[in-house]
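Asker: Take a look at this one; I'll ask things after.
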Amino acid sequence: MKHWIRTTLAAAACVLPLGAEASLVKFAVQGVVTFSGTFPDGSTVPLGTPFTGSYTYESDTPADLWDRREGGSGIAQYPIPKPYHFRLLVGDHRVRAEGFRVHLYNNLNQPFGDEYDVRSTAGAWLDGTWHPGAGFELSFVSESGHLDALRSLKLPKRLNLPAFDAFRTGYVAGPDGLPLLLLDVKGIRAHVCTTALPGTDDCADE
């Protein structure tokens with residue numbers, strides 16, 4: 001019996017670190033456009049146009065990939081399902097997706113230090129129309145040797161953006177899967193909800 005309990009606990013630890021405390025986290029992102037392709041309506045976005053965006057997740061979301069190595073380094077991937085969202089507003093254009101993934105690369109140092117990526121799953125809404133080939137990614141990376149941007153392989157509740165000192169970028173893929181927007185992320189702010197509204201990604205304390 002004791003052997004069975006130890007085996008069960010070890011298997012659980014490979015999926016999600018024990019002792020995680022659940023919190024709904026809402027991130028607000030802002031920056032500028034560094035490249036624009038042509039949107040389905042025929043328009044483009046002038047370079048330097050500001051953008052704002054947001055995404056949400058539960059901090060205790062189980063990982064579907066967990067590769068922790070000696071010293072706490074490793075790789076983790078977290079599938080973020082509905083109702084958690086990603087939204088982006090740039091000029092008159094809107095990008096929206098429900099369901100995405102978060103990838104963490106902690107202390108790997110090959111060739112960068114830490115990396116935090118938010119990536120879409122298949123498809124996204126562009127200006128209210130669903131496109132299976134559309135998508136997005138935010139990517140924050142620290143220089144080699146700078147290993148304090150991420151503290152662990154757990155989903156972070158806050159991000160120290162300056163610590164990701166290699167690059168802080170994003171892109172939106174168009175209906176054809178090719179880059180539609182390239183983004184320079186200038187800031188990110190996190191709000192940890194004290195009370196989440198059940199079945200939503202909204203905070204009761206806002």
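Just remember, in the structure tokens the first chain shown is A, the second B, etc., residues are 1-based per chain, and ligands are 1-based in the order shown.
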Please report, as JSON lines, each residue of stretch 22-135 of chain A lying at most 10 Å from stretch 143-162 of chain A, together with the nearest pair of atoms and the separation in Å rounded to one decimal; use only C-alpha atoms, and order rows by chain and ascending residue number.
Answerer:
```
{"residue": "A:Ala22", "atom": "CA", "partner": "A:Lys157", "partner_atom": "CA", "distance": 9.9}
{"residue": "A:Ser23", "atom": "CA", "partner": "A:Lys157", "partner_atom": "CA", "distance": 7.9}
{"residue": "A:Leu24", "atom": "CA", "partner": "A:Lys157", "partner_atom": "CA", "distance": 8.6}
{"residue": "A:Val25", "atom": "CA", "partner": "A:Lys157", "partner_atom": "CA", "distance": 6.2}
{"residue": "A:Lys26", "atom": "CA", "partner": "A:Lys157", "partner_atom": "CA", "distance": 8.7}
{"residue": "A:Phe27", "atom": "CA", "partner": "A:Arg158", "partner_atom": "CA", "distance": 8.3}
{"residue": "A:Tyr57", "atom": "CA", "partner": "A:Leu155", "partner_atom": "CA", "distance": 8.9}
{"residue": "A:Glu58", "atom": "CA", "partner": "A:Leu155", "partner_atom": "CA", "distance": 8.4}
{"residue": "A:Ser59", "atom": "CA", "partner": "A:Leu155", "partner_atom": "CA", "distance": 5.5}
{"residue": "A:Asp60", "atom": "CA", "partner": "A:Leu155", "partner_atom": "CA", "distance": 7.3}
{"residue": "A:Thr61", "atom": "CA", "partner": "A:Leu155", "partner_atom": "CA", "distance": 7.8}
{"residue": "A:Pro62", "atom": "CA", "partner": "A:Leu155", "partner_atom": "CA", "distance": 9.4}
{"residue": "A:Ala63", "atom": "CA", "partner": "A:Lys154", "partner_atom": "CA", "distance": 8.8}
{"residue": "A:Trp66", "atom": "CA", "partner": "A:Leu153", "partner_atom": "CA", "distance": 8.3}
{"residue": "A:Asp67", "atom": "CA", "partner": "A:Leu153", "partner_atom": "CA", "distance": 9.0}
{"residue": "A:Arg68", "atom": "CA", "partner": "A:Leu153", "partner_atom": "CA", "distance": 7.7}
{"residue": "A:Gly71", "atom": "CA", "partner": "A:Ser152", "partner_atom": "CA", "distance": 10.0}
{"residue": "A:Gly72", "atom": "CA", "partner": "A:Ser152", "partner_atom": "CA", "distance": 6.6}
{"residue": "A:Ser73", "atom": "CA", "partner": "A:Ser152", "partner_atom": "CA", "distance": 7.5}
{"residue": "A:Gly74", "atom": "CA", "partner": "A:Leu153", "partner_atom": "CA", "distance": 7.2}
{"residue": "A:Ile75", "atom": "CA", "partner": "A:Leu153", "partner_atom": "CA", "distance": 6.9}
{"residue": "A:Ala76", "atom": "CA", "partner": "A:Leu153", "partner_atom": "CA", "distance": 6.1}
{"residue": "A:Gln77", "atom": "CA", "partner": "A:Leu153", "partner_atom": "CA", "distance": 9.0}
{"residue": "A:Tyr78", "atom": "CA", "partner": "A:Leu155", "partner_atom": "CA", "distance": 8.0}
{"residue": "A:Val102", "atom": "CA", "partner": "A:Leu155", "partner_atom": "CA", "distance": 8.1}
{"residue": "A:His103", "atom": "CA", "partner": "A:Leu155", "partner_atom": "CA", "distance": 9.0}
{"residue": "A:Leu104", "atom": "CA", "partner": "A:Leu153", "partner_atom": "CA", "distance": 6.3}
{"residue": "A:Tyr105", "atom": "CA", "partner": "A:Leu153", "partner_atom": "CA", "distance": 7.5}
{"residue": "A:Asn106", "atom": "CA", "partner": "A:Leu150", "partner_atom": "CA", "distance": 6.2}
{"residue": "A:Asn107", "atom": "CA", "partner": "A:Leu147", "partner_atom": "CA", "distance": 5.4}
{"residue": "A:Leu108", "atom": "CA", "partner": "A:Leu147", "partner_atom": "CA", "distance": 8.5}
{"residue": "A:Asn109", "atom": "CA", "partner": "A:Ser144", "partner_atom": "CA", "distance": 5.3}
{"residue": "A:Gln110", "atom": "CA", "partner": "A:Ser144", "partner_atom": "CA", "distance": 7.2}
{"residue": "A:Pro111", "atom": "CA", "partner": "A:Ser144", "partner_atom": "CA", "distance": 6.1}
{"residue": "A:Phe112", "atom": "CA", "partner": "A:Ser144", "partner_atom": "CA", "distance": 4.3}
{"residue": "A:Gly113", "atom": "CA", "partner": "A:Ser144", "partner_atom": "CA", "distance": 4.4}
{"residue": "A:Asp114", "atom": "CA", "partner": "A:Leu147", "partner_atom": "CA", "distance": 5.9}
{"residue": "A:Glu115", "atom": "CA", "partner": "A:Leu150", "partner_atom": "CA", "distance": 7.7}
{"residue": "A:Tyr116", "atom": "CA", "partner": "A:Leu150", "partner_atom": "CA", "distance": 8.0}
```
Asker: Could you write out, as JSON, numbers by chain, all the residues of stretch 15-171 of chain A that DSSP marks as strand (DSSP E)?
Answerer: {"A": [24, 25, 26, 27, 28, 29, 30, 31, 32, 33, 34, 35, 36, 50, 51, 52, 53, 54, 55, 56, 57, 58, 65, 66, 67, 68, 74, 75, 76, 77, 78, 79, 80, 81, 82, 83, 84, 85, 86, 87, 88, 89, 90, 93, 94, 95, 96, 97, 98, 99, 100, 101, 102, 103, 104, 105, 106, 115, 116, 117, 118, 119, 120, 124, 125, 126, 129, 130, 131, 135, 136, 137, 138, 139, 140, 141, 167, 168, 169, 170, 171]}
Asker: So how far away is atom CA of A:Arg189 from atom CA of A:Tyr84, in Å?
Answerer: 16.9 Å
Asker: Counting only C-alpha atoms, figure out which residue out of A:Tyr55, A:Trp125, A:Phe167, A:Phe140 gets nearest to A:Phe100.
Answerer: A:Tyr55
Asker: Do you have the atom CA of A:Leu47-atom CA of A:Leu88 distance handy?
Answerer: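 Between atom CA of A:Leu47 and atom CA of A:Leu88 the gap works out to 16.2 Å.
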Asker: Just list the residues in chain A DSSP gives helix (DSSP H, G or I) on the backbone, as an NGL selection string.
Answerer: :A and (2-15 or 70-72 or 161-163)
Asker: Could those selected residues go to a file with C-alpha atoms, as an mmCIF file, in the first residue's frame?
Answerer:
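New file result_19.cif:
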```cif
data_model
loop_
_atom_site.group_PDB
_atom_site.id
_atom_site.type_symbol
_atom_site.label_atom_id
_atom_site.label_comp_id
_atom_site.auth_asym_id
_atom_site.auth_seq_id
_atom_site.Cartn_x
_atom_site.Cartn_y
_atom_site.Cartn_z
ATOM 1 C CA LYS A 2 2.773 2.464 0.922
ATOM 2 C CA HIS A 3 4.551 1.707 -2.356
ATOM 3 C CA TRP A 4 1.310 2.430 -4.284
ATOM 4 C CA ILE A 5 0.869 5.781 -2.495
ATOM 5 C CA ARG A 6 4.459 6.826 -3.214
ATOM 6 C CA THR A 7 4.052 5.862 -6.895
ATOM 7 C CA THR A 8 0.793 7.811 -7.212
ATOM 8 C CA LEU A 9 2.285 10.949 -5.624
ATOM 9 C CA ALA A 10 5.343 10.766 -7.854
ATOM 10 C CA ALA A 11 3.164 10.512 -10.960
ATOM 11 C CA ALA A 12 1.132 13.537 -9.861
ATOM 12 C CA ALA A 13 4.289 15.554 -9.279
ATOM 13 C CA CYS A 14 5.363 14.899 -12.892
ATOM 14 C CA VAL A 15 2.194 16.643 -14.107
ATOM 15 C CA GLU A 70 18.663 18.956 -12.115
ATOM 16 C CA GLY A 71 18.663 22.294 -10.313
ATOM 17 C CA GLY A 72 15.104 23.165 -11.367
ATOM 18 C CA LEU A 161 9.563 42.175 -18.135
ATOM 19 C CA PRO A 162 12.996 43.909 -17.908
ATOM 20 C CA ALA A 163 14.508 40.579 -16.807
#
```
Asker: Which is closer to A:Phe164 than all the others in A:Asp202, A:Ser139, A:Arg87, A:Leu182, using only C-alpha atoms?
Answerer: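 Looking at the shortest contact to A:Phe164, the residue is A:Ser139.
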Asker: Can you work out which one of A:Val90, A:Thr195, A:Gln30, A:Pro40 has the shortest atom-to-atom distance to A:Thr169, counting only C-alpha atoms?
Answerer: A:Gln30
Asker: Residues within 12 Å of A:Gly135, please, as a ChimeraX atom specification. Count only C-alpha atoms; anything in the same chain fewer than 2 positions from it doesn't count.
Answerer: /A:86-88,95-101,118-126,130-133,137-138,170-181
Asker: Convert the current residue selection to file output with N, CA, C and O atoms, as a tab-separated table (two decimals), in the first residue's frame.
Answerer:
```tsv
chain	number	residue	atom	x	y	z
A	86	PHE	N	-7.28	35.22	-25.22
A	86	PHE	CA	-6.26	36.17	-25.66
A	86	PHE	C	-6.96	37.19	-26.55
A	86	PHE	O	-7.72	36.81	-27.45
A	87	ARG	N	-6.69	38.48	-26.31
A	87	ARG	CA	-7.27	39.53	-27.14
A	87	ARG	C	-6.20	40.56	-27.46
A	87	ARG	O	-5.31	40.83	-26.65
A	88	LEU	N	-6.31	41.16	-28.65
A	88	LEU	CA	-5.38	42.18	-29.09
A	88	LEU	C	-6.16	43.24	-29.85
A	88	LEU	O	-7.01	42.92	-30.68
A	95	VAL	N	-7.95	41.09	-32.68
A	95	VAL	CA	-7.58	39.68	-32.75
A	95	VAL	C	-8.08	39.01	-31.48
A	95	VAL	O	-7.91	39.56	-30.39
A	96	ARG	N	-8.67	37.82	-31.60
A	96	ARG	CA	-9.20	37.15	-30.41
A	96	ARG	C	-9.06	35.64	-30.56
A	96	ARG	O	-9.24	35.11	-31.66
A	97	ALA	N	-8.74	34.99	-29.48
A	97	ALA	CA	-8.67	33.53	-29.46
A	97	ALA	C	-9.07	33.04	-28.08
A	97	ALA	O	-8.79	33.70	-27.08
A	98	GLU	N	-9.73	31.91	-28.04
A	98	GLU	CA	-10.04	31.23	-26.80
A	98	GLU	C	-9.33	29.88	-26.83
A	98	GLU	O	-9.57	29.07	-27.72
A	99	GLY	N	-8.47	29.69	-25.86
A	99	GLY	CA	-7.65	28.50	-25.84
A	99	GLY	C	-6.30	28.76	-26.47
A	99	GLY	O	-6.20	29.24	-27.60
A	100	PHE	N	-5.25	28.55	-25.69
A	100	PHE	CA	-3.88	28.76	-26.16
A	100	PHE	C	-2.95	27.93	-25.29
A	100	PHE	O	-3.40	27.13	-24.47
A	101	ARG	N	-1.63	28.08	-25.49
A	101	ARG	CA	-0.66	27.33	-24.70
A	101	ARG	C	0.38	28.29	-24.14
A	101	ARG	O	0.72	29.29	-24.77
A	118	VAL	N	3.62	32.58	-25.05
A	118	VAL	CA	2.18	32.40	-25.09
A	118	VAL	C	1.81	32.18	-26.56
A	118	VAL	O	2.01	33.07	-27.39
A	119	ARG	N	1.33	30.99	-26.89
A	119	ARG	CA	1.11	30.61	-28.29
A	119	ARG	C	-0.33	30.16	-28.52
A	119	ARG	O	-0.89	29.42	-27.70
A	120	SER	N	-0.87	30.56	-29.63
A	120	SER	CA	-2.23	30.15	-29.97
A	120	SER	C	-2.26	28.68	-30.38
A	120	SER	O	-1.26	28.12	-30.83
A	121	THR	N	-3.40	28.08	-30.21
A	121	THR	CA	-3.68	26.81	-30.86
A	121	THR	C	-4.26	27.15	-32.23
A	121	THR	O	-4.19	28.28	-32.67
A	122	ALA	N	-4.80	26.19	-32.94
A	122	ALA	CA	-5.21	26.41	-34.32
A	122	ALA	C	-6.34	27.43	-34.41
A	122	ALA	O	-7.38	27.28	-33.78
A	123	GLY	N	-6.10	28.49	-35.20
A	123	GLY	CA	-7.16	29.43	-35.55
A	123	GLY	C	-7.32	30.59	-34.59
A	123	GLY	O	-6.94	30.52	-33.43
A	124	ALA	N	-7.87	31.70	-35.13
A	124	ALA	CA	-8.15	32.89	-34.33
A	124	ALA	C	-9.19	33.73	-35.08
A	124	ALA	O	-9.42	33.56	-36.28
A	125	TRP	N	-9.81	34.64	-34.33
A	125	TRP	CA	-10.75	35.59	-34.91
A	125	TRP	C	-9.99	36.86	-35.29
A	125	TRP	O	-9.27	37.43	-34.48
A	126	LEU	N	-10.15	37.29	-36.55
A	126	LEU	CA	-9.62	38.57	-37.01
A	126	LEU	C	-10.79	39.46	-37.39
A	126	LEU	O	-11.55	39.14	-38.32
A	130	TRP	N	-13.70	34.20	-38.17
A	130	TRP	CA	-12.84	33.09	-37.81
A	130	TRP	C	-11.98	32.67	-38.99
A	130	TRP	O	-12.47	32.49	-40.11
A	131	HIS	N	-10.66	32.50	-38.73
A	131	HIS	CA	-9.73	32.05	-39.76
A	131	HIS	C	-8.92	30.89	-39.19
A	131	HIS	O	-8.14	31.08	-38.25
A	132	PRO	N	-9.07	29.69	-39.74
A	132	PRO	CA	-8.33	28.53	-39.21
A	132	PRO	C	-6.82	28.69	-39.25
A	132	PRO	O	-6.10	28.12	-38.43
A	133	GLY	N	-6.29	29.46	-40.21
A	133	GLY	CA	-4.85	29.62	-40.32
A	133	GLY	C	-4.27	30.74	-39.49
A	133	GLY	O	-3.04	30.88	-39.40
A	137	GLU	N	1.50	34.81	-31.18
A	137	GLU	CA	2.48	34.39	-30.19
A	137	GLU	C	3.08	35.61	-29.52
A	137	GLU	O	3.34	36.63	-30.18
A	138	LEU	N	3.28	35.53	-28.22
A	138	LEU	CA	4.11	36.46	-27.46
A	138	LEU	C	5.32	35.69	-26.96
A	138	LEU	O	5.18	34.55	-26.49
A	170	GLY	N	6.22	39.82	-30.32
A	170	GLY	CA	5.01	39.08	-30.61
A	170	GLY	C	4.71	39.12	-32.08
A	170	GLY	O	5.31	39.91	-32.83
A	171	TYR	N	3.81	38.27	-32.51
A	171	TYR	CA	3.35	38.35	-33.90
A	171	TYR	C	1.91	37.86	-33.98
A	171	TYR	O	1.41	37.14	-33.10
A	172	VAL	N	1.26	38.28	-35.03
A	172	VAL	CA	-0.07	37.77	-35.40
A	172	VAL	C	0.06	37.18	-36.79
A	172	VAL	O	0.61	37.82	-37.70
A	173	ALA	N	-0.38	35.95	-36.96
A	173	ALA	CA	-0.41	35.31	-38.27
A	173	ALA	C	-1.76	35.56	-38.93
A	173	ALA	O	-2.80	35.55	-38.28
A	174	GLY	N	-1.73	35.82	-40.25
A	174	GLY	CA	-2.95	36.07	-41.00
A	174	GLY	C	-3.64	34.79	-41.40
A	174	GLY	O	-3.24	33.68	-41.02
A	175	PRO	N	-4.71	34.91	-42.21
A	175	PRO	CA	-5.46	33.72	-42.63
A	175	PRO	C	-4.61	32.68	-43.35
A	175	PRO	O	-4.91	31.49	-43.31
A	176	ASP	N	-3.53	33.12	-44.02
A	176	ASP	CA	-2.66	32.20	-44.74
A	176	ASP	C	-1.55	31.63	-43.86
A	176	ASP	O	-0.69	30.88	-44.34
A	177	GLY	N	-1.54	32.00	-42.57
A	177	GLY	CA	-0.52	31.51	-41.66
A	177	GLY	C	0.76	32.31	-41.69
A	177	GLY	O	1.67	32.04	-40.89
A	178	LEU	N	0.88	33.28	-42.59
A	178	LEU	CA	2.08	34.11	-42.69
A	178	LEU	C	1.97	35.31	-41.75
A	178	LEU	O	0.86	35.71	-41.36
A	179	PRO	N	3.11	35.92	-41.35
A	179	PRO	CA	3.05	37.06	-40.42
A	179	PRO	C	2.18	38.19	-40.95
A	179	PRO	O	2.36	38.66	-42.08
A	180	LEU	N	1.24	38.61	-40.13
A	180	LEU	CA	0.37	39.75	-40.43
A	180	LEU	C	0.81	40.98	-39.65
A	180	LEU	O	0.76	42.09	-40.16
A	181	LEU	N	1.23	40.77	-38.39
A	181	LEU	CA	1.75	41.85	-37.55
A	181	LEU	C	2.97	41.34	-36.80
A	181	LEU	O	2.98	40.19	-36.34
```
Asker: Neighbouring residues of A:Gly42 were defined as those with any atom within 12 Å, considering only C-alpha atoms; residues of the same chain fewer than 5 positions away were excluded. Please report them as a ChimeraX atom specification.
Answerer: /A:36-37,93,180
Asker: Would you mind exporting N, CA, C and O atoms of the selected residues as a PDB file, in the first residue's frame?
Answerer:
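Wrote it out as again.pdb, contents follow:
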```pdb
ATOM      1  N   SER A  36       3.594  45.404 -40.595  1.00  0.00           N
ATOM      2  CA  SER A  36       2.196  45.103 -40.895  1.00  0.00           C
ATOM      3  C   SER A  36       2.067  44.558 -42.300  1.00  0.00           C
ATOM      4  O   SER A  36       2.567  45.161 -43.269  1.00  0.00           O
ATOM      5  N   GLY A  37       1.410  43.415 -42.419  1.00  0.00           N
ATOM      6  CA  GLY A  37       0.960  42.928 -43.703  1.00  0.00           C
ATOM      7  C   GLY A  37      -0.414  43.505 -43.998  1.00  0.00           C
ATOM      8  O   GLY A  37      -0.863  44.464 -43.353  1.00  0.00           O
ATOM      9  N   HIS A  93      -8.289  47.222 -35.701  1.00  0.00           N
ATOM     10  CA  HIS A  93      -8.310  45.774 -35.862  1.00  0.00           C
ATOM     11  C   HIS A  93      -8.293  45.058 -34.517  1.00  0.00           C
ATOM     12  O   HIS A  93      -7.641  45.509 -33.566  1.00  0.00           O
ATOM     13  N   LEU A 180       1.235  38.606 -40.129  1.00  0.00           N
ATOM     14  CA  LEU A 180       0.372  39.747 -40.429  1.00  0.00           C
ATOM     15  C   LEU A 180       0.806  40.976 -39.652  1.00  0.00           C
ATOM     16  O   LEU A 180       0.764  42.093 -40.161  1.00  0.00           O
TER      17      LEU A 180
END
```
Asker: Suppose you want the space between atom CA of A:Ala190 and atom CA of A:Leu65; what is it in Å?
Answerer: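 About the pair atom CA of A:Ala190 and atom CA of A:Leu65: they are 24.3 Å apart.
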